[in-house]
Amino acid sequence: MSHDGVGPRPARQSPACRATRGPGAVMRSVAFLTAGALAVTALGGCSSEDPAGKPLAGQDIAPAARSQVADGGTLRWAVDAVPETLNTFQADADATTSRIAQAVLPSMYRLNASGRPEINSDYLESAEVVDTEPRQVVLYKLHQQAVWSDGREIGAADFAAQWRALSGKDTAYWTARNAGYDRIERIERGANDLEVKVTFARPYADWQSLFSPLYPKEVMGTPDSFNDGARKKLKVTAGPFTVQEVDRKDDEVTLVRSPRWWGDPVKLSEIVLRAVPREERADALAAGTIDLAEIDAPAARRIALAAAGPGGTGAPRQGGDRDTDDPKAPSPSADPSGSDESGSDGSTADESVADESTADGSASDEESGGARAGGSQSAADATRALRGFEVRKSLEPAYTQLALNGADGPLADERVRRAVARALDRKELAKAVLKPLGLPAEPVGSHLALSGQAAYADSSGALGGQDTDEAQALLADAGWVPGGPVRKQKKENAAGPEGEPAEGNSTDDGTYIVGEDNKGRTDAELEEAEEYRRQLAQDGKQHHQGGGAPGAYAPKGTAAPAGAPAGPLAKDGRPLTLRFVLPSGPGSRALHTVADRISRMLERLGIHTETTKVPEESYFKDHIASGEYDLALYSWPASAFPATDARPIYAKPVPAADGSLTVEQNYTRVGTDQVDQLFDQAVATLDQEESRDLVRKADARIWAAAGSIPLYQRPQLIAARKNLANTGAFGFATPVYEDMGFLKKGAGRAAGPSAS
């Protein structure tokens, strides 16, 4: 989603440098699911005092000079599904929709390796704010050779048609979003056909997020063409590739070179985007039916073991690393309404967590088997075939969070949410996921940006780090104290009829007794707790009735004795039990690993969790979006435009006329007026530094409210043929499609990310 300039072309950058040029904004959508957004104005380098720092991991794309890349060839690239629509502005757009748009449509900006937007010089010569009073005016100067595939020049008519379609004023257009476009007052031709003048009715700091991608007026011009015309095909394009065919029978989309492309000649003859389920991708690689695929940790280990040969350890190859990358160089996933590869809700399972059972490098039975597609390939043949691949690694521009539903129940109390947050060792959780993969294991310090992005600053101090004593004090202040017997509770299906509860902790008569659940506690902890109970029972000052453990009826707010181990907590005869809802399925093992560790951390405080696994296809829509959970794990993409893209995620829910809550994308139902005000100020401030400061202040207040706790940046594991160049784990950066290809025979790769 990005575009580059007008006028004479600047000096050509190396593929490695160009591959770090950034994208434009995309729909924010959950990724328990995945994906991104982006952008801002000209940016300087990061100083040592810049809280944004550097990206935690660099790109890993096997950079090569264009002269070393062969002319021709077909790249078969695995995707989750053939998209339902080719219009990225519709609710059911997904990650594949965005991938196609990047290759075939203009974008005014693209992201660099630090997740910061840069002008796309293939489409723009320049773009700048030329006036602020009485109105903000942005002048775009288009590349003089930029044309649509039908030969017509890209111009003001295309910009104006997209504005009218996305402004929100005409409800006949079925749009998923209109942020930014609703602030435009008019669009007109400038001094000549290559100039487009955009006048805003209200100041808009994130103006660089607009028109990326840009659709032709033939798509945006009428509601019918917008709603239906671009769903199955794109007749007019303007990128290095064009859409030749969308084959829903064979689950493939074929992109071919555009004969009208004016930029650097395209290396590949075609790109075939082939739908392959994630659990089948290792076998498809071994069978030779795909060349490039995002994979999970078990598949990565299988490739590493094949490369290591007999007796090898199969240790993951280290990907791009922050010290070698240019320091300058986020459905939840597209839109929760849909722009991630995994489902209609726009989210994608966070399946990349390392499997502890094979942390020693040994392969499980499943991993060590050969390709099983049709049983046509032996294990030995599959292993030999996988030696032609390597795993390219980075970190996705997305982070996984623990969501705490503050709508009702115990977590409606901010003190309980804060206690849950302070019980977590986020560093340990990040290490469990990322260290086995050879990736930097740092917790994420912001809800609104990731390390290296302009708006990033670690604001977690507003909540505080892991502190058991403080967490216990918060719980005691909220009235949750070590308890005894509780009233018999009616068993609730926390996750709906499709839920599949984990093994329960109920007695035979259905009564949950606080203190009798020992799951997740070590033998030493159990012995210590039992000794504590015996001491209380022998204390003549303690008297109780009803058969519960002493101390069950302590006054509200009474903390446990100093040094005493935490026992299960109760309040008003109810145990402190939280519903932890997770997706089921083979791709969710990572989330289960993280959830199990979180449950053990909470158990130490006396907070019990009941885990329910639900089908992946219903996880987001039926449970997260509908609020049927207490705790959940899913991901959000990072955005270079947080004031625009993140606001609906953290906006304070508003009561609707029917008594329900309008939550936008705030699925934790936790928000404050102050956070809303800070976002409003940030998006209306044209001073970039001031806007970033306001965003960081908003993030600190989001931390303090403890509705969601960022944990770690998601790993990005890409299996690629060893002779594929300029593609792989892109990290933040927008891919440069014209540079992708297969190395010439005997050609070598560039020395590093900055090689020319």
# chains A, B, ... in the order shown; residues from 1 in each chain; ligands from 1

$ residues_around --residues "A:Phe730" --least-positions-apart "5" --cutoff "8 Å" --atoms "only C-alpha atoms" --output "MDAnalysis selection string"
chainID A and resid 19 59:61 113 394 735

$ select_by_dssp --residues "stretch 107-197 of chain A" --states "alpha helix (DSSP H)" --output "list of chain:residue names"
A:Ala156, A:Ala157, A:Asp158, A:Phe159, A:Ala160, A:Ala161, A:Gln162, A:Trp163, A:Arg164, A:Ala165, A:Leu166

$ write_last_selection --atoms "N, CA, C and O atoms" --output "PDB file, in the first residue's frame"
ATOM      1  N   ALA A 156      -5.936  13.560 -10.745  1.00  0.00           N
ATOM      2  CA  ALA A 156      -6.835  14.092  -9.728  1.00  0.00           C
ATOM      3  C   ALA A 156      -8.185  13.389  -9.733  1.00  0.00           C
ATOM      4  O   ALA A 156      -8.812  13.220  -8.682  1.00  0.00           O
ATOM      5  N   ALA A 157      -8.658  12.946 -10.901  1.00  0.00           N
ATOM      6  CA  ALA A 157      -9.963  12.289 -10.983  1.00  0.00           C
ATOM      7  C   ALA A 157      -9.975  10.994 -10.174  1.00  0.00           C
ATOM      8  O   ALA A 157     -10.994  10.635  -9.569  1.00  0.00           O
ATOM      9  N   ASP A 158      -8.847  10.301 -10.140  1.00  0.00           N
ATOM     10  CA  ASP A 158      -8.763   9.059  -9.365  1.00  0.00           C
ATOM     11  C   ASP A 158      -8.752   9.361  -7.870  1.00  0.00           C
ATOM     12  O   ASP A 158      -9.421   8.678  -7.081  1.00  0.00           O
ATOM     13  N   PHE A 159      -8.003  10.384  -7.470  1.00  0.00           N
ATOM     14  CA  PHE A 159      -7.978  10.791  -6.064  1.00  0.00           C
ATOM     15  C   PHE A 159      -9.367  11.215  -5.601  1.00  0.00           C
ATOM     16  O   PHE A 159      -9.827  10.842  -4.511  1.00  0.00           O
ATOM     17  N   ALA A 160     -10.053  12.007  -6.423  1.00  0.00           N
ATOM     18  CA  ALA A 160     -11.367  12.520  -6.045  1.00  0.00           C
ATOM     19  C   ALA A 160     -12.391  11.392  -5.944  1.00  0.00           C
ATOM     20  O   ALA A 160     -13.228  11.374  -5.031  1.00  0.00           O
ATOM     21  N   ALA A 161     -12.333  10.423  -6.856  1.00  0.00           N
ATOM     22  CA  ALA A 161     -13.281   9.312  -6.816  1.00  0.00           C
ATOM     23  C   ALA A 161     -13.082   8.477  -5.552  1.00  0.00           C
ATOM     24  O   ALA A 161     -14.060   8.055  -4.916  1.00  0.00           O
ATOM     25  N   GLN A 162     -11.818   8.275  -5.166  1.00  0.00           N
ATOM     26  CA  GLN A 162     -11.567   7.492  -3.950  1.00  0.00           C
ATOM     27  C   GLN A 162     -12.031   8.256  -2.713  1.00  0.00           C
ATOM     28  O   GLN A 162     -12.598   7.669  -1.789  1.00  0.00           O
ATOM     29  N   TRP A 163     -11.817   9.553  -2.686  1.00  0.00           N
ATOM     30  CA  TRP A 163     -12.287  10.364  -1.559  1.00  0.00           C
ATOM     31  C   TRP A 163     -13.802  10.281  -1.422  1.00  0.00           C
ATOM     32  O   TRP A 163     -14.326  10.033  -0.326  1.00  0.00           O
ATOM     33  N   ARG A 164     -14.524  10.437  -2.508  1.00  0.00           N
ATOM     34  CA  ARG A 164     -15.992  10.414  -2.433  1.00  0.00           C
ATOM     35  C   ARG A 164     -16.499   9.045  -1.983  1.00  0.00           C
ATOM     36  O   ARG A 164     -17.450   8.941  -1.207  1.00  0.00           O
ATOM     37  N   ALA A 165     -15.852   7.997  -2.452  1.00  0.00           N
ATOM     38  CA  ALA A 165     -16.289   6.651  -2.081  1.00  0.00           C
ATOM     39  C   ALA A 165     -16.051   6.357  -0.610  1.00  0.00           C
ATOM     40  O   ALA A 165     -16.851   5.678   0.046  1.00  0.00           O
ATOM     41  N   LEU A 166     -14.938   6.877  -0.060  1.00  0.00           N
ATOM     42  CA  LEU A 166     -14.534   6.534   1.302  1.00  0.00           C
ATOM     43  C   LEU A 166     -14.841   7.611   2.330  1.00  0.00           C
ATOM     44  O   LEU A 166     -14.503   7.459   3.504  1.00  0.00           O
TER      45      LEU A 166
END

$ residues_around --residues "A:Asp247" --least-positions-apart "2" --cutoff "12 Å" --atoms "only C-alpha atoms" --output "list of chain:residue names"
A:Ala81, A:Val82, A:Pro83, A:Glu84, A:Lys232, A:Lys233, A:Val243, A:Gln244, A:Glu245, A:Lys249, A:Asp250, A:Asp251, A:Glu252, A:Val253, A:Thr254, A:Leu255, A:Val272, A:Leu273, A:Arg274, A:Ala275

$ write_last_selection --atoms "N, CA, C and O atoms" --output "short mmCIF file (atom, residue, chain, number, x, y, z; two decimals), in the first residue's frame"
data_model
loop_
_atom_site.label_atom_id
_atom_site.label_comp_id
_atom_site.auth_asym_id
_atom_site.auth_seq_id
_atom_site.Cartn_x
_atom_site.Cartn_y
_atom_site.Cartn_z
N ALA A 81 -5.67 -18.20 1.84
CA ALA A 81 -6.89 -18.40 1.07
C ALA A 81 -6.91 -17.45 -0.12
O ALA A 81 -6.26 -16.40 -0.10
N VAL A 82 -7.62 -17.83 -1.16
CA VAL A 82 -7.91 -16.89 -2.24
C VAL A 82 -8.88 -15.86 -1.68
O VAL A 82 -9.89 -16.23 -1.08
N PRO A 83 -8.60 -14.58 -1.81
CA PRO A 83 -9.44 -13.57 -1.16
C PRO A 83 -10.84 -13.50 -1.72
O PRO A 83 -11.08 -13.74 -2.90
N GLU A 84 -11.78 -13.14 -0.83
CA GLU A 84 -13.17 -12.96 -1.25
C GLU A 84 -13.34 -11.69 -2.07
O GLU A 84 -14.27 -11.56 -2.86
N LYS A 232 -13.97 -9.60 -7.69
CA LYS A 232 -13.44 -10.80 -8.33
C LYS A 232 -12.33 -10.51 -9.34
O LYS A 232 -11.56 -11.39 -9.70
N LYS A 233 -12.23 -9.27 -9.81
CA LYS A 233 -11.19 -8.95 -10.80
C LYS A 233 -10.87 -7.46 -10.75
O LYS A 233 -11.65 -6.65 -10.25
N VAL A 243 -3.29 -8.42 -12.45
CA VAL A 243 -4.00 -9.66 -12.13
C VAL A 243 -4.43 -10.34 -13.42
O VAL A 243 -5.22 -9.81 -14.19
N GLN A 244 -3.87 -11.54 -13.65
CA GLN A 244 -4.26 -12.30 -14.84
C GLN A 244 -5.49 -13.16 -14.59
O GLN A 244 -6.40 -13.21 -15.42
N GLU A 245 -5.53 -13.82 -13.42
CA GLU A 245 -6.64 -14.74 -13.16
C GLU A 245 -6.82 -14.96 -11.67
O GLU A 245 -5.84 -15.05 -10.92
N LYS A 249 -11.44 -22.36 -8.27
CA LYS A 249 -11.51 -23.82 -8.32
C LYS A 249 -10.21 -24.44 -7.85
O LYS A 249 -10.19 -25.37 -7.05
N ASP A 250 -9.09 -23.91 -8.34
CA ASP A 250 -7.78 -24.43 -7.95
C ASP A 250 -7.13 -23.62 -6.83
O ASP A 250 -5.97 -23.85 -6.48
N ASP A 251 -7.87 -22.65 -6.28
CA ASP A 251 -7.38 -21.83 -5.16
C ASP A 251 -6.06 -21.14 -5.49
O ASP A 251 -5.08 -21.24 -4.76
N GLU A 252 -6.04 -20.41 -6.60
CA GLU A 252 -4.83 -19.69 -7.01
C GLU A 252 -5.19 -18.31 -7.57
O GLU A 252 -6.25 -18.12 -8.16
N VAL A 253 -4.28 -17.37 -7.36
CA VAL A 253 -4.36 -16.07 -8.02
C VAL A 253 -3.05 -15.90 -8.79
O VAL A 253 -1.96 -16.03 -8.21
N THR A 254 -3.15 -15.61 -10.07
CA THR A 254 -1.95 -15.46 -10.89
C THR A 254 -1.73 -13.99 -11.25
O THR A 254 -2.62 -13.34 -11.81
N LEU A 255 -0.56 -13.50 -10.90
CA LEU A 255 -0.13 -12.13 -11.24
C LEU A 255 0.95 -12.23 -12.31
O LEU A 255 1.87 -13.05 -12.19
N VAL A 272 2.39 -16.76 -8.54
CA VAL A 272 1.18 -17.53 -8.31
C VAL A 272 0.96 -17.61 -6.80
O VAL A 272 1.78 -18.18 -6.08
N LEU A 273 -0.11 -16.99 -6.33
CA LEU A 273 -0.46 -17.04 -4.92
C LEU A 273 -1.38 -18.25 -4.72
O LEU A 273 -2.51 -18.27 -5.22
N ARG A 274 -0.86 -19.26 -4.06
CA ARG A 274 -1.55 -20.55 -3.95
C ARG A 274 -2.01 -20.78 -2.53
O ARG A 274 -1.22 -20.69 -1.59
N ALA A 275 -3.30 -21.07 -2.33
CA ALA A 275 -3.85 -21.32 -1.01
C ALA A 275 -3.38 -22.69 -0.51
O ALA A 275 -3.67 -23.71 -1.14
#

$ closest_residue --among "A:Glu610, A:Asp596, A:Asp291, A:Asp469" --to "A:Arg721" --atoms "only C-alpha atoms"
A:Asp291

$ select_by_dssp --residues "stretch 141-259 of chain A" --states "strand (DSSP E or B)" --output "MDAnalysis selection string"
chainID A and resid 141:142 147 153 184:189 195:200 241:247 252:257

$ atom_distance --atom1 "atom CA of A:Glu689" --atom2 "atom CA of A:Arg647"
18.5 Å

$ closest_residue --among "A:Phe211, A:Trp703, A:Phe389, A:Trp77" --to "A:Glu414" --atoms "only C-alpha atoms"
A:Trp703

$ residues_around --residues "A:Gly585" --least-positions-apart "3" --cutoff "10 Å" --atoms "only C-alpha atoms" --output "ChimeraX atom specification"
/A:349,351,582,588-589,613-617
